[in-house]
Amino acid sequence: MQLTFPNGEHPNVPLQGEVAVGSRAGLRVSLPGSGLAPHHASFLSDRRGLWLRVPNGAPAVHLNARPVQRLAQLRAGDLVCLDALRVVVRADDQPAIDRQIPASAPAPLGEAQRVAAARVVLRGLSGAHFGRSYTLTEPRVFGRSPAADVRLDDPAVAERHAVVELHGDRVVLRAMANGGETTLVNGVPVRDAMLAPGDQLVIEQHRFVLEAPGLPPRGQSSLGKSAANPHTQTMKAVNVAVAKDPVPAPDAPEPAPATRDPGALWWLIAAAMVLGAALTALLVYAP
């Protein structure tokens with residue numbers, strides 16, 4: 001991961017250990033005269049992930065347009081505003097965004113396909129749509145128009161800004177405005193794009209994340225089957241040999257029956273008679 005500065009205030013900074021940002025000299029990102037506090041915030045990378053930490057008394061720290069008081073977890077595409085300084089978190093080896101999209105809209109989904117496709121959603125991260133989720137069982141139009149599926153009440157947004165569509169196991173962002181309006185995908189301005197799970201879309205002050213479990217990440221080829229098609233897993237039948245009962249050899253002699261010792265039987269009878277006589281004498285002659 002690395003920190004990037006869209007307005008060019010500082011070169012990109014690899015996120016290793018702690019990266020402190022502020023106006024004080026000696027910090028990893030030192031920007032005197034920028035209006036930042038001496039130590040405005042720190043970006044921390046450890047085995048648990050990536051974190052934004054705000055020191056006590058630091059002013060105006062926002063993550064995806066939401067204020068941060070102490071600590072927040074980060075991921076690729078997040079926008080951090082330290083007062084007027086904009087910082088974007090980007091992955092080091094993230095493949096380039098594919099901007100070649102299908103020429104036409106997707107075919108309508110069947111009932112079973114709609115059920116399977118309901119797991120692919122756009123979830124609001126900031127603005128009026130924070131916490132709300134929008135499935136892609138139908139193409140979703142984003143814009144200022146009251147008829148838009150996701151209405152963005154912002155004068156800087158076109159009436160029909162863009163549409164997000166599900167094409168099999170791929171999600172497509174298609175620009176609808178005729179001007180140069182763009183959408184930021186993980187901090188990169190685009191008009192048309194093939195989206196991947198975890199991508200963050202920003203239209204002015206409105207931010208959404210694509211949650212699409214099971215869909216291929218950016219840079220991987222198609223799964224080979226539509227994400228909208230329900231499927232089951234099957235196993236091929238396996239022929240297993242069954243052992244048969246053993247067949248005795250034709251000339252094998254039958255086992256001889258067990259012999260009994262007749263003397264042992266008489267010893268048992270005699271012992272029982274002696275025991276009976278002793279018990280009788282005890283009962284008869286006992287005082």
# chains A, B, ... in the order shown; residues from 1 in each chain; ligands from 1
>>> select_by_dssp(residues="stretch 5-181 of chain A", states="strand (DSSP E or B)", output="number ranges by chain")
A: 13-14, 18-22, 29-30, 41-46, 49-53, 61-63, 66-67, 71-74, 79-82, 85-90, 121-124, 130, 133-135, 140-143, 150-151, 162-167, 170-175
>>> select_by_dssp(residues="stretch 40-204 of chain A", states="helix (DSSP H, G or I)", output="PyMOL selection string")
chain A and resi 111-117+127-129
>>> closest_residue(among="A:Met273, A:Leu3, A:Leu184, A:Leu268", to="A:Leu74", atoms="only C-alpha atoms")
A:Leu3
>>> closest_residue(among="A:Gln200, A:Ser126, A:Asn186, A:Gln205", to="A:Pro6", atoms="only C-alpha atoms")
A:Asn186
>>> closest_residue(among="A:Arg75, A:Leu44, A:Cys81, A:Arg174", to="A:Val61", atoms="only C-alpha atoms")
A:Cys81
>>> atom_distance(atom1="atom CA of A:Ser45", atom2="atom CA of A:Met1")
8.9 Å
>>> closest_residue(among="A:Glu204, A:Ile97, A:Arg86, A:Glu138", to="A:Thr4", atoms="only C-alpha atoms")
A:Arg86
>>> closest_residue(among="A:Arg160, A:Arg170, A:Arg66, A:Arg47", to="A:Ala147", atoms="only C-alpha atoms")
A:Arg160
>>> residues_around(residues="A:Ala91", least_positions_apart="2", cutoff="12 Å", atoms="only C-alpha atoms", output="VMD selection string")
chain A and resid 1 to 4 12 to 15 50 74 to 78 88 to 89 93 to 96 186 to 187 198 to 199 218
>>> residues_around(residues="A:Ala177", least_positions_apart="5", cutoff="7 Å", atoms="only C-alpha atoms", output="VMD selection string")
chain A and resid 158 160 to 162
>>> residues_around(residues="A:Val87", least_positions_apart="6", cutoff="6 Å", atoms="only C-alpha atoms", output="number ranges by chain")
A: 4-5, 79-80
>>> write_last_selection(atoms="N, CA, C and O atoms", output="mmCIF file, in the first residue's frame")
data_model
loop_
_atom_site.group_PDB
_atom_site.id
_atom_site.type_symbol
_atom_site.label_atom_id
_atom_site.label_comp_id
_atom_site.auth_asym_id
_atom_site.auth_seq_id
_atom_site.Cartn_x
_atom_site.Cartn_y
_atom_site.Cartn_z
ATOM 1 N N THR A 4 -0.938 8.418 -1.703
ATOM 2 C CA THR A 4 -0.779 9.278 -2.871
ATOM 3 C C THR A 4 -1.458 10.614 -2.598
ATOM 4 O O THR A 4 -2.413 10.693 -1.814
ATOM 5 N N PHE A 5 -0.977 11.644 -3.258
ATOM 6 C CA PHE A 5 -1.455 13.005 -3.031
ATOM 7 C C PHE A 5 -1.965 13.553 -4.371
ATOM 8 O O PHE A 5 -1.168 13.984 -5.222
ATOM 9 N N LEU A 79 -10.273 7.747 0.863
ATOM 10 C CA LEU A 79 -9.859 9.147 0.791
ATOM 11 C C LEU A 79 -9.796 9.701 2.209
ATOM 12 O O LEU A 79 -10.795 9.672 2.938
ATOM 13 N N VAL A 80 -8.633 10.209 2.591
ATOM 14 C CA VAL A 80 -8.435 10.812 3.904
ATOM 15 C C VAL A 80 -8.189 12.301 3.695
ATOM 16 O O VAL A 80 -7.311 12.690 2.916
#
>>> closest_residue(among="A:Ala196, A:Ala20, A:Val188, A:Ala72", to="A:His40", atoms="only C-alpha atoms")
A:Ala20
>>> residues_around(residues="A:Gly127", least_positions_apart="5", cutoff="8 Å", atoms="only C-alpha atoms", output="MDAnalysis selection string")
chainID A and resid 65 205:207
>>> write_last_selection(atoms="N, CA, C and O atoms", output="PDB file, in the first residue's frame")
ATOM      1  N   ALA A  65     -15.285  11.315   3.920  1.00  0.00           N
ATOM      2  CA  ALA A  65     -16.226  12.376   4.290  1.00  0.00           C
ATOM      3  C   ALA A  65     -16.855  12.184   5.666  1.00  0.00           C
ATOM      4  O   ALA A  65     -17.770  12.910   6.027  1.00  0.00           O
ATOM      5  N   GLN A 205     -19.310  14.154  -3.600  1.00  0.00           N
ATOM      6  CA  GLN A 205     -19.129  13.827  -2.184  1.00  0.00           C
ATOM      7  C   GLN A 205     -19.781  12.507  -1.803  1.00  0.00           C
ATOM      8  O   GLN A 205     -19.860  12.181  -0.612  1.00  0.00           O
ATOM      9  N   HIS A 206     -20.224  11.743  -2.779  1.00  0.00           N
ATOM     10  CA  HIS A 206     -20.939  10.495  -2.508  1.00  0.00           C
ATOM     11  C   HIS A 206     -20.010   9.325  -2.817  1.00  0.00           C
ATOM     12  O   HIS A 206     -19.444   9.232  -3.920  1.00  0.00           O
ATOM     13  N   ARG A 207     -19.879   8.417  -1.874  1.00  0.00           N
ATOM     14  CA  ARG A 207     -18.942   7.301  -2.003  1.00  0.00           C
ATOM     15  C   ARG A 207     -19.668   5.983  -1.781  1.00  0.00           C
ATOM     16  O   ARG A 207     -20.488   5.841  -0.866  1.00  0.00           O
TER      17      ARG A 207
END
>>> residues_around(residues="A:Val121", least_positions_apart="5", cutoff="8 Å", atoms="only C-alpha atoms", output="PyMOL selection string")
chain A and resi 133-136+210-212
>>> decode(residues="stretch 10-66 of chain A", atoms="C-alpha atoms", output="CSV table (one decimal), in the first residue's frame")
chain,number,residue,atom,x,y,z
A,10,HIS,CA,4.1,15.4,-1.7
A,11,PRO,CA,5.5,12.3,-3.6
A,12,ASN,CA,3.9,8.9,-3.1
A,13,VAL,CA,4.9,7.3,0.3
A,14,PRO,CA,5.1,3.5,0.8
A,15,LEU,CA,3.0,2.5,3.8
A,16,GLN,CA,5.5,0.6,6.0
A,17,GLY,CA,5.4,0.9,9.8
A,18,GLU,CA,4.2,4.4,10.8
A,19,VAL,CA,3.9,7.3,8.5
A,20,ALA,CA,3.3,10.5,10.4
A,21,VAL,CA,1.8,13.5,8.6
A,22,GLY,CA,2.0,17.2,9.8
A,23,SER,CA,3.7,20.5,9.6
A,24,ARG,CA,6.5,19.7,12.0
A,25,ALA,CA,10.0,19.0,10.6
A,26,GLY,CA,11.3,15.5,10.8
A,27,LEU,CA,8.0,13.6,10.1
A,28,ARG,CA,7.8,11.2,7.2
A,29,VAL,CA,5.4,13.6,5.5
A,30,SER,CA,6.3,17.1,6.6
A,31,LEU,CA,4.4,20.0,5.0
A,32,PRO,CA,5.2,23.3,6.7
A,33,GLY,CA,2.9,26.1,5.9
A,34,SER,CA,0.1,23.8,4.8
A,35,GLY,CA,-2.2,24.6,7.7
A,36,LEU,CA,-1.8,21.1,9.2
A,37,ALA,CA,-1.2,20.6,12.9
A,38,PRO,CA,2.4,19.8,14.0
A,39,HIS,CA,1.4,16.1,14.1
A,40,HIS,CA,-2.0,15.9,12.3
A,41,ALA,CA,-2.4,12.1,11.8
A,42,SER,CA,-0.5,8.8,11.5
A,43,PHE,CA,-0.9,6.0,9.0
A,44,LEU,CA,0.0,2.6,10.6
A,45,SER,CA,0.6,-0.7,8.9
A,46,ASP,CA,0.8,-3.9,10.9
A,47,ARG,CA,-0.2,-7.6,10.8
A,48,ARG,CA,-3.8,-6.7,11.5
A,49,GLY,CA,-4.1,-4.3,8.5
A,50,LEU,CA,-3.9,-0.6,7.8
A,51,TRP,CA,-5.0,2.1,10.3
A,52,LEU,CA,-5.5,5.8,10.6
A,53,ARG,CA,-4.7,7.2,14.0
A,54,VAL,CA,-5.6,10.8,15.1
A,55,PRO,CA,-3.6,12.4,18.0
A,56,ASN,CA,-5.5,14.2,20.7
A,57,GLY,CA,-6.5,17.7,19.6
A,58,ALA,CA,-5.8,17.2,15.9
A,59,PRO,CA,-8.5,19.1,13.9
A,60,ALA,CA,-10.5,18.2,10.8
A,61,VAL,CA,-9.7,14.6,10.0
A,62,HIS,CA,-12.2,12.9,7.7
A,63,LEU,CA,-12.2,9.4,6.2
A,64,ASN,CA,-14.5,9.2,3.2
A,65,ALA,CA,-16.2,12.4,4.3
A,66,ARG,CA,-16.9,11.0,7.8
